[in-house]
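Asker: This structure is in structure tokens; I'll ask about it shortly.
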Amino acid sequence: MKRSPLAMVLLALLVEAPMHPYRMQQVIKERGQDQLVNVAQRNSVYQTLDRLVREGLARPGGTTREAGRPERTVYEVTEEGTASLRRWLLEMLPEPAREFPEFPVALAFLPMLTPAETRELLERRVEKLTERAGAIDAQAPPGLPRLFLIEDEYRAGMLRAEIAWLRALIAELDEGTLDWDRTLIEETLTRFG
């Protein structure tokens, strides 16, 4: 099976304890891991879990029924699932993934905007990133060992690094050391296009 962030999170939850898909989605949200994987639609959990079952990495382990609730299938991880999760971790930690975030694409097309527009938009990005970093810091439960907060620490660190980079870029726009106009764009396209 091709690894995916959601498949990894689901397998890791099943390594902890058997559970039904609705509970998996709840735990992901409670732990703030919905910032790592998209579980806004419960269907994504069910689809990924179905794939894990088809690939032999998880299996139905029984059913439960809570008062006033429908019967729910509880899933558990297989030995192959635990081995796959471990293998994926061993592959992912040392090797940077080839990811395609949107922001660098937007940066590639700054000449479509004016420096003033760019500055305004980047300032707004700094504000939003600062809020996100603060929210990550605020969600850490007191007394929880650092090991269980390491992904949040990483995300906050990446946000702070981007904020610092953006502030330096905004300073260049303010100082005029980064500037462009239509003539510069046309000359550059002629020379390098």
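Each chain of the structure tokens is named A, B, ... in the order shown, its residues numbered from 1; ligands are numbered from 1 in display order.
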Skipping near chain neighbours, those fewer than 6 positions away, what residues fall within 12 Å of Gln47 of chain A using only C-alpha atoms, listed as a ChimeraX atom specification?
Answerer: /A:6-7,10,21,39,41,53-54
Asker: Would you please extract all alpha helix (DSSP H) residues from segment 20-190 of chain A, as assigned by DSSP on the backbone, and give them as a tab-separated table (two decimals) with N, CA and C atoms, in the first residue's frame?
Answerer:
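Printed below is selection13.tsv as written:
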chain	number	residue	atom	x	y	z
A	21	PRO	N	-14.18	3.94	13.55
A	21	PRO	CA	-13.77	5.11	12.77
A	21	PRO	C	-14.21	6.45	13.37
A	22	TYR	N	-15.42	6.51	13.92
A	22	TYR	CA	-15.88	7.77	14.49
A	22	TYR	C	-14.97	8.18	15.66
A	23	ARG	N	-14.58	7.22	16.48
A	23	ARG	CA	-13.68	7.51	17.60
A	23	ARG	C	-12.31	7.95	17.09
A	24	MET	N	-11.85	7.34	16.01
A	24	MET	CA	-10.56	7.73	15.43
A	24	MET	C	-10.59	9.20	15.05
A	25	GLN	N	-11.66	9.60	14.38
A	25	GLN	CA	-11.78	11.00	13.96
A	25	GLN	C	-11.80	11.92	15.19
A	26	GLN	N	-12.51	11.52	16.24
A	26	GLN	CA	-12.57	12.32	17.46
A	26	GLN	C	-11.19	12.47	18.09
A	27	VAL	N	-10.46	11.37	18.20
A	27	VAL	CA	-9.12	11.39	18.81
A	27	VAL	C	-8.18	12.27	18.00
A	28	ILE	N	-8.25	12.17	16.69
A	28	ILE	CA	-7.40	12.99	15.82
A	28	ILE	C	-7.66	14.47	16.11
A	29	LYS	N	-8.92	14.84	16.22
A	29	LYS	CA	-9.26	16.24	16.49
A	29	LYS	C	-8.86	16.64	17.91
A	30	GLU	N	-9.11	15.78	18.89
A	30	GLU	CA	-8.75	16.08	20.28
A	30	GLU	C	-7.25	16.33	20.43
A	42	ARG	N	-15.67	12.94	7.52
A	42	ARG	CA	-15.50	11.62	8.15
A	42	ARG	C	-15.29	10.54	7.10
A	43	ASN	N	-15.83	10.77	5.89
A	43	ASN	CA	-15.71	9.79	4.83
A	43	ASN	C	-14.24	9.48	4.51
A	44	SER	N	-13.36	10.47	4.65
A	44	SER	CA	-11.94	10.22	4.36
A	44	SER	C	-11.37	9.19	5.32
A	45	VAL	N	-11.82	9.20	6.58
A	45	VAL	CA	-11.37	8.19	7.54
A	45	VAL	C	-11.86	6.81	7.10
A	46	TYR	N	-13.15	6.72	6.75
A	46	TYR	CA	-13.70	5.43	6.32
A	46	TYR	C	-13.02	4.91	5.06
A	47	GLN	N	-12.77	5.78	4.08
A	47	GLN	CA	-12.14	5.34	2.84
A	47	GLN	C	-10.72	4.84	3.09
A	48	THR	N	-9.98	5.58	3.90
A	48	THR	CA	-8.61	5.16	4.19
A	48	THR	C	-8.60	3.87	4.99
A	49	LEU	N	-9.51	3.75	5.94
A	49	LEU	CA	-9.61	2.52	6.72
A	49	LEU	C	-9.97	1.33	5.83
A	50	ASP	N	-10.86	1.54	4.88
A	50	ASP	CA	-11.20	0.47	3.92
A	50	ASP	C	-9.96	0.02	3.15
A	51	ARG	N	-9.15	0.99	2.74
A	51	ARG	CA	-7.90	0.65	2.03
A	51	ARG	C	-6.98	-0.16	2.93
A	52	LEU	N	-6.86	0.25	4.19
A	52	LEU	CA	-6.00	-0.48	5.13
A	52	LEU	C	-6.48	-1.92	5.31
A	53	VAL	N	-7.78	-2.10	5.37
A	53	VAL	CA	-8.35	-3.44	5.50
A	53	VAL	C	-8.08	-4.25	4.24
A	54	ARG	N	-8.33	-3.67	3.07
A	54	ARG	CA	-8.08	-4.38	1.79
A	54	ARG	C	-6.63	-4.81	1.67
A	79	GLU	N	-0.37	-7.46	12.28
A	79	GLU	CA	1.09	-7.44	12.40
A	79	GLU	C	1.71	-6.75	11.18
A	80	GLU	N	1.14	-7.04	10.01
A	80	GLU	CA	1.63	-6.39	8.79
A	80	GLU	C	1.42	-4.88	8.85
A	81	GLY	N	0.32	-4.44	9.46
A	81	GLY	CA	0.05	-3.01	9.61
A	81	GLY	C	1.07	-2.33	10.50
A	82	THR	N	1.40	-3.00	11.61
A	82	THR	CA	2.41	-2.45	12.51
A	82	THR	C	3.77	-2.39	11.81
A	83	ALA	N	4.11	-3.44	11.07
A	83	ALA	CA	5.38	-3.47	10.33
A	83	ALA	C	5.41	-2.38	9.26
A	84	SER	N	4.29	-2.18	8.56
A	84	SER	CA	4.24	-1.15	7.52
A	84	SER	C	4.40	0.24	8.13
A	85	LEU	N	3.72	0.50	9.24
A	85	LEU	CA	3.85	1.79	9.90
A	85	LEU	C	5.31	2.05	10.28
A	86	ARG	N	5.95	1.05	10.84
A	86	ARG	CA	7.37	1.19	11.22
A	86	ARG	C	8.24	1.43	9.99
A	87	ARG	N	8.00	0.69	8.91
A	87	ARG	CA	8.78	0.86	7.68
A	87	ARG	C	8.59	2.27	7.12
A	88	TRP	N	7.34	2.76	7.11
A	88	TRP	CA	7.07	4.11	6.61
A	88	TRP	C	7.83	5.15	7.43
A	89	LEU	N	7.84	4.99	8.73
A	89	LEU	CA	8.57	5.93	9.59
A	89	LEU	C	10.07	5.91	9.27
A	90	LEU	N	10.60	4.71	9.08
A	90	LEU	CA	12.03	4.58	8.76
A	90	LEU	C	12.36	5.22	7.41
A	91	GLU	N	11.41	5.23	6.49
A	91	GLU	CA	11.62	5.85	5.18
A	91	GLU	C	11.45	7.37	5.26
A	92	MET	N	10.46	7.82	6.01
A	92	MET	CA	10.08	9.24	6.00
A	92	MET	C	11.02	10.14	6.82
A	102	GLU	N	1.39	25.30	-1.90
A	102	GLU	CA	0.92	26.40	-2.74
A	102	GLU	C	1.76	27.67	-2.63
A	103	PHE	N	2.25	27.97	-1.44
A	103	PHE	CA	2.90	29.26	-1.21
A	103	PHE	C	4.10	29.51	-2.13
A	104	PRO	N	5.02	28.56	-2.31
A	104	PRO	CA	6.12	28.82	-3.25
A	104	PRO	C	5.65	29.09	-4.67
A	105	VAL	N	4.54	28.49	-5.06
A	105	VAL	CA	3.99	28.75	-6.39
A	105	VAL	C	3.55	30.21	-6.46
A	106	ALA	N	2.88	30.69	-5.43
A	106	ALA	CA	2.45	32.09	-5.40
A	106	ALA	C	3.66	33.03	-5.44
A	107	LEU	N	4.73	32.67	-4.73
A	107	LEU	CA	5.94	33.50	-4.74
A	107	LEU	C	6.55	33.58	-6.14
A	108	ALA	N	6.44	32.50	-6.89
A	108	ALA	CA	7.02	32.47	-8.23
A	108	ALA	C	6.36	33.48	-9.17
A	115	PRO	N	4.70	45.72	-5.96
A	115	PRO	CA	5.37	45.55	-4.68
A	115	PRO	C	4.48	45.96	-3.50
A	116	ALA	N	3.67	47.00	-3.65
A	116	ALA	CA	2.78	47.44	-2.57
A	116	ALA	C	1.73	46.37	-2.26
A	117	GLU	N	1.14	45.80	-3.30
A	117	GLU	CA	0.16	44.72	-3.09
A	117	GLU	C	0.82	43.54	-2.40
A	118	THR	N	2.01	43.20	-2.86
A	118	THR	CA	2.74	42.06	-2.29
A	118	THR	C	3.00	42.29	-0.81
A	119	ARG	N	3.47	43.50	-0.48
A	119	ARG	CA	3.76	43.82	0.91
A	119	ARG	C	2.52	43.64	1.78
A	120	GLU	N	1.40	44.18	1.33
A	120	GLU	CA	0.13	44.08	2.08
A	120	GLU	C	-0.27	42.63	2.30
A	121	LEU	N	-0.18	41.82	1.25
A	121	LEU	CA	-0.58	40.42	1.35
A	121	LEU	C	0.36	39.64	2.27
A	122	LEU	N	1.65	39.94	2.18
A	122	LEU	CA	2.61	39.24	3.05
A	122	LEU	C	2.42	39.63	4.51
A	123	GLU	N	2.08	40.88	4.76
A	123	GLU	CA	1.78	41.31	6.14
A	123	GLU	C	0.60	40.52	6.69
A	124	ARG	N	-0.41	40.34	5.87
A	124	ARG	CA	-1.58	39.58	6.31
A	124	ARG	C	-1.21	38.12	6.59
A	125	ARG	N	-0.32	37.58	5.76
A	125	ARG	CA	0.15	36.21	5.99
A	125	ARG	C	0.89	36.11	7.31
A	126	VAL	N	1.74	37.09	7.60
A	126	VAL	CA	2.48	37.09	8.87
A	126	VAL	C	1.50	37.08	10.05
A	127	GLU	N	0.45	37.88	9.97
A	127	GLU	CA	-0.55	37.92	11.05
A	127	GLU	C	-1.19	36.56	11.25
A	128	LYS	N	-1.59	35.92	10.15
A	128	LYS	CA	-2.25	34.62	10.26
A	128	LYS	C	-1.31	33.54	10.77
A	129	LEU	N	-0.07	33.56	10.30
A	129	LEU	CA	0.90	32.57	10.76
A	129	LEU	C	1.23	32.77	12.24
A	130	THR	N	1.30	34.02	12.67
A	130	THR	CA	1.56	34.33	14.08
A	130	THR	C	0.42	33.79	14.95
A	131	GLU	N	-0.82	33.97	14.48
A	131	GLU	CA	-1.98	33.42	15.21
A	131	GLU	C	-1.89	31.90	15.29
A	132	ARG	N	-1.54	31.26	14.18
A	132	ARG	CA	-1.44	29.79	14.18
A	132	ARG	C	-0.37	29.30	15.14
A	133	ALA	N	0.78	29.95	15.12
A	133	ALA	CA	1.87	29.54	16.02
A	133	ALA	C	1.43	29.71	17.47
A	134	GLY	N	0.75	30.80	17.77
A	134	GLY	CA	0.25	31.02	19.12
A	134	GLY	C	-0.78	29.97	19.53
A	135	ALA	N	-1.64	29.60	18.60
A	135	ALA	CA	-2.65	28.58	18.88
A	135	ALA	C	-2.00	27.23	19.16
A	136	ILE	N	-0.95	26.90	18.44
A	136	ILE	CA	-0.24	25.64	18.68
A	136	ILE	C	0.35	25.66	20.08
A	137	ASP	N	0.99	26.77	20.45
A	137	ASP	CA	1.58	26.87	21.78
A	137	ASP	C	0.52	26.76	22.87
A	138	ALA	N	-0.64	27.35	22.64
A	138	ALA	CA	-1.69	27.39	23.65
A	138	ALA	C	-2.38	26.04	23.85
A	139	GLN	N	-2.34	25.17	22.84
A	139	GLN	CA	-3.07	23.91	22.94
A	139	GLN	C	-2.31	22.83	23.69
A	150	ILE	N	6.07	16.78	19.94
A	150	ILE	CA	7.16	17.09	19.02
A	150	ILE	C	6.67	17.56	17.65
A	151	GLU	N	5.55	16.98	17.16
A	151	GLU	CA	5.05	17.43	15.85
A	151	GLU	C	4.51	18.85	15.93
A	152	ASP	N	3.93	19.21	17.07
A	152	ASP	CA	3.46	20.59	17.26
A	152	ASP	C	4.65	21.54	17.37
A	153	GLU	N	5.68	21.10	18.06
A	153	GLU	CA	6.90	21.92	18.18
A	153	GLU	C	7.50	22.17	16.79
A	154	TYR	N	7.51	21.14	15.97
A	154	TYR	CA	8.02	21.27	14.60
A	154	TYR	C	7.16	22.25	13.80
A	155	ARG	N	5.84	22.08	13.85
A	155	ARG	CA	4.96	22.97	13.09
A	155	ARG	C	5.12	24.42	13.54
A	156	ALA	N	5.19	24.65	14.84
A	156	ALA	CA	5.37	26.01	15.35
A	156	ALA	C	6.74	26.56	14.93
A	157	GLY	N	7.76	25.72	14.94
A	157	GLY	CA	9.09	26.15	14.51
A	157	GLY	C	9.12	26.52	13.04
A	158	MET	N	8.44	25.74	12.21
A	158	MET	CA	8.36	26.04	10.78
A	158	MET	C	7.60	27.34	10.55
A	159	LEU	N	6.53	27.54	11.30
A	159	LEU	CA	5.77	28.79	11.17
A	159	LEU	C	6.63	29.98	11.56
A	160	ARG	N	7.37	29.86	12.66
A	160	ARG	CA	8.22	30.97	13.11
A	160	ARG	C	9.36	31.25	12.11
A	161	ALA	N	9.89	30.19	11.51
A	161	ALA	CA	10.93	30.39	10.48
A	161	ALA	C	10.34	31.12	9.27
A	162	GLU	N	9.13	30.75	8.87
A	162	GLU	CA	8.49	31.43	7.74
A	162	GLU	C	8.19	32.88	8.10
A	163	ILE	N	7.72	33.11	9.32
A	163	ILE	CA	7.43	34.48	9.77
A	163	ILE	C	8.69	35.34	9.71
A	164	ALA	N	9.81	34.81	10.19
A	164	ALA	CA	11.07	35.56	10.16
A	164	ALA	C	11.48	35.85	8.72
A	165	TRP	N	11.34	34.87	7.84
A	165	TRP	CA	11.70	35.06	6.43
A	165	TRP	C	10.79	36.11	5.80
A	166	LEU	N	9.49	36.02	6.08
A	166	LEU	CA	8.55	37.00	5.53
A	166	LEU	C	8.84	38.41	6.02
A	167	ARG	N	9.17	38.55	7.28
A	167	ARG	CA	9.47	39.88	7.82
A	167	ARG	C	10.71	40.47	7.14
A	168	ALA	N	11.70	39.62	6.86
A	168	ALA	CA	12.89	40.10	6.15
A	168	ALA	C	12.52	40.52	4.72
A	169	LEU	N	11.64	39.77	4.07
A	169	LEU	CA	11.20	40.10	2.72
A	169	LEU	C	10.40	41.41	2.73
A	170	ILE	N	9.54	41.56	3.72
A	170	ILE	CA	8.76	42.80	3.84
A	170	ILE	C	9.69	43.99	4.08
A	171	ALA	N	10.73	43.78	4.87
A	171	ALA	CA	11.71	44.86	5.10
A	171	ALA	C	12.39	45.25	3.80
A	172	GLU	N	12.71	44.27	2.95
A	172	GLU	CA	13.32	44.58	1.65
A	172	GLU	C	12.35	45.38	0.77
A	173	LEU	N	11.08	45.03	0.83
A	173	LEU	CA	10.08	45.79	0.07
A	173	LEU	C	10.00	47.22	0.61
A	174	ASP	N	10.03	47.38	1.93
A	174	ASP	CA	9.98	48.71	2.55
A	174	ASP	C	11.20	49.55	2.17
A	175	GLU	N	12.38	48.90	2.14
A	175	GLU	CA	13.62	49.62	1.84
A	175	GLU	C	13.80	49.86	0.34
A	182	ARG	N	7.17	47.08	-14.64
A	182	ARG	CA	6.90	46.42	-15.91
A	182	ARG	C	8.17	46.31	-16.77
A	183	THR	N	9.00	47.35	-16.75
A	183	THR	CA	10.23	47.35	-17.55
A	183	THR	C	11.16	46.22	-17.10
A	184	LEU	N	11.36	46.10	-15.79
A	184	LEU	CA	12.22	45.03	-15.25
A	184	LEU	C	11.69	43.66	-15.67
A	185	ILE	N	10.41	43.48	-15.58
A	185	ILE	CA	9.79	42.19	-15.92
A	185	ILE	C	10.02	41.88	-17.40
A	186	GLU	N	9.77	42.87	-18.27
A	186	GLU	CA	9.94	42.66	-19.70
A	186	GLU	C	11.40	42.38	-20.07
A	187	GLU	N	12.33	43.13	-19.46
A	187	GLU	CA	13.76	42.91	-19.72
A	187	GLU	C	14.17	41.50	-19.27
A	188	THR	N	13.68	41.10	-18.11
A	188	THR	CA	14.04	39.77	-17.58
A	188	THR	C	13.47	38.67	-18.47
A	189	LEU	N	12.25	38.82	-18.90
A	189	LEU	CA	11.64	37.82	-19.76
A	189	LEU	C	12.36	37.73	-21.11
A	190	THR	N	12.80	38.87	-21.63
A	190	THR	CA	13.54	38.88	-22.90
A	190	THR	C	14.89	38.19	-22.73
Asker: Using only C-alpha atoms, determine which residues lie at most 9 Å from Pro5 of chain A, disregarding the query and same-chain residues fewer than 3 positions distant; provide the list as a list in words.
Answerer: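 These residues fall inside the cut-off: Met8, Val9, Leu10, Leu36 and Val37 of chain A.
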Asker: Could you jot down the atom CA of Leu11 of chain A to atom CA of Ala67 of chain A separation for me, Å, one decimal place?
Answerer: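 One can read the atom CA of Leu11 of chain A to atom CA of Ala67 of chain A distance as 27.3 Å.
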Asker: Which residues in segment 10-151 of chain A does DSSP call strand (DSSP E)? List them as a PyMOL selection string.
Answerer: chain A and resi 58-64+72-77
Asker: Suppose we keep N, CA, C and O atoms; can you now write the selection as a PDB file, in the first residue's frame?
Answerer:
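Saved the output as part.pdb:
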ATOM      1  N   ALA A  58      -5.091  -3.614   8.524  1.00  0.00           N
ATOM      2  CA  ALA A  58      -6.042  -3.512   9.632  1.00  0.00           C
ATOM      3  C   ALA A  58      -7.148  -4.518   9.354  1.00  0.00           C
ATOM      4  O   ALA A  58      -7.288  -5.018   8.231  1.00  0.00           O
ATOM      5  N   ARG A  59      -7.926  -4.814  10.385  1.00  0.00           N
ATOM      6  CA  ARG A  59      -9.034  -5.757  10.219  1.00  0.00           C
ATOM      7  C   ARG A  59     -10.140  -5.421  11.214  1.00  0.00           C
ATOM      8  O   ARG A  59      -9.864  -4.851  12.273  1.00  0.00           O
ATOM      9  N   PRO A  60     -11.372  -5.796  10.858  1.00  0.00           N
ATOM     10  CA  PRO A  60     -12.461  -5.626  11.821  1.00  0.00           C
ATOM     11  C   PRO A  60     -12.190  -6.522  13.030  1.00  0.00           C
ATOM     12  O   PRO A  60     -11.752  -7.661  12.877  1.00  0.00           O
ATOM     13  N   GLY A  61     -12.434  -5.997  14.207  1.00  0.00           N
ATOM     14  CA  GLY A  61     -12.148  -6.762  15.415  1.00  0.00           C
ATOM     15  C   GLY A  61     -13.377  -7.011  16.263  1.00  0.00           C
ATOM     16  O   GLY A  61     -13.268  -7.486  17.379  1.00  0.00           O
ATOM     17  N   GLY A  62     -14.540  -6.667  15.752  1.00  0.00           N
ATOM     18  CA  GLY A  62     -15.765  -6.855  16.522  1.00  0.00           C
ATOM     19  C   GLY A  62     -16.640  -5.629  16.402  1.00  0.00           C
ATOM     20  O   GLY A  62     -16.353  -4.709  15.637  1.00  0.00           O
ATOM     21  N   THR A  63     -17.714  -5.624  17.167  1.00  0.00           N
ATOM     22  CA  THR A  63     -18.626  -4.484  17.141  1.00  0.00           C
ATOM     23  C   THR A  63     -18.908  -4.027  18.559  1.00  0.00           C
ATOM     24  O   THR A  63     -18.762  -4.790  19.517  1.00  0.00           O
ATOM     25  N   THR A  64     -19.300  -2.763  18.673  1.00  0.00           N
ATOM     26  CA  THR A  64     -19.724  -2.211  19.961  1.00  0.00           C
ATOM     27  C   THR A  64     -21.028  -1.475  19.748  1.00  0.00           C
ATOM     28  O   THR A  64     -21.349  -1.050  18.649  1.00  0.00           O
ATOM     29  N   ARG A  72     -21.354  -0.253  15.968  1.00  0.00           N
ATOM     30  CA  ARG A  72     -20.161   0.229  15.255  1.00  0.00           C
ATOM     31  C   ARG A  72     -19.107  -0.867  15.198  1.00  0.00           C
ATOM     32  O   ARG A  72     -18.864  -1.555  16.184  1.00  0.00           O
ATOM     33  N   THR A  73     -18.459  -0.953  14.046  1.00  0.00           N
ATOM     34  CA  THR A  73     -17.365  -1.911  13.881  1.00  0.00           C
ATOM     35  C   THR A  73     -16.103  -1.320  14.465  1.00  0.00           C
ATOM     36  O   THR A  73     -15.729  -0.180  14.163  1.00  0.00           O
ATOM     37  N   VAL A  74     -15.450  -2.096  15.304  1.00  0.00           N
ATOM     38  CA  VAL A  74     -14.176  -1.710  15.897  1.00  0.00           C
ATOM     39  C   VAL A  74     -13.077  -2.376  15.072  1.00  0.00           C
ATOM     40  O   VAL A  74     -13.176  -3.554  14.733  1.00  0.00           O
ATOM     41  N   TYR A  75     -12.044  -1.619  14.739  1.00  0.00           N
ATOM     42  CA  TYR A  75     -10.945  -2.136  13.931  1.00  0.00           C
ATOM     43  C   TYR A  75      -9.695  -2.278  14.779  1.00  0.00           C
ATOM     44  O   TYR A  75      -9.529  -1.599  15.786  1.00  0.00           O
ATOM     45  N   GLU A  76      -8.832  -3.180  14.330  1.00  0.00           N
ATOM     46  CA  GLU A  76      -7.551  -3.376  15.007  1.00  0.00           C
ATOM     47  C   GLU A  76      -6.452  -3.493  13.959  1.00  0.00           C
ATOM     48  O   GLU A  76      -6.724  -3.808  12.799  1.00  0.00           O
ATOM     49  N   VAL A  77      -5.244  -3.214  14.380  1.00  0.00           N
ATOM     50  CA  VAL A  77      -4.111  -3.280  13.467  1.00  0.00           C
ATOM     51  C   VAL A  77      -3.644  -4.736  13.345  1.00  0.00           C
ATOM     52  O   VAL A  77      -3.772  -5.514  14.288  1.00  0.00           O
TER      53      VAL A  77
END
Asker: Rounded to one decimal place, report the atom CA of Pro96 of chain A-atom CA of Ala40 of chain A distance in Å.
Answerer: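 Taking atom CA of Pro96 of chain A as the start and atom CA of Ala40 of chain A as the end point, the length is 26.3 Å.
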Asker: Quick check, in Å to one decimal: how far apart do atom CA of Met19 of chain A and atom CA of Arg31 of chain A lie?
Answerer: 15.6 Å
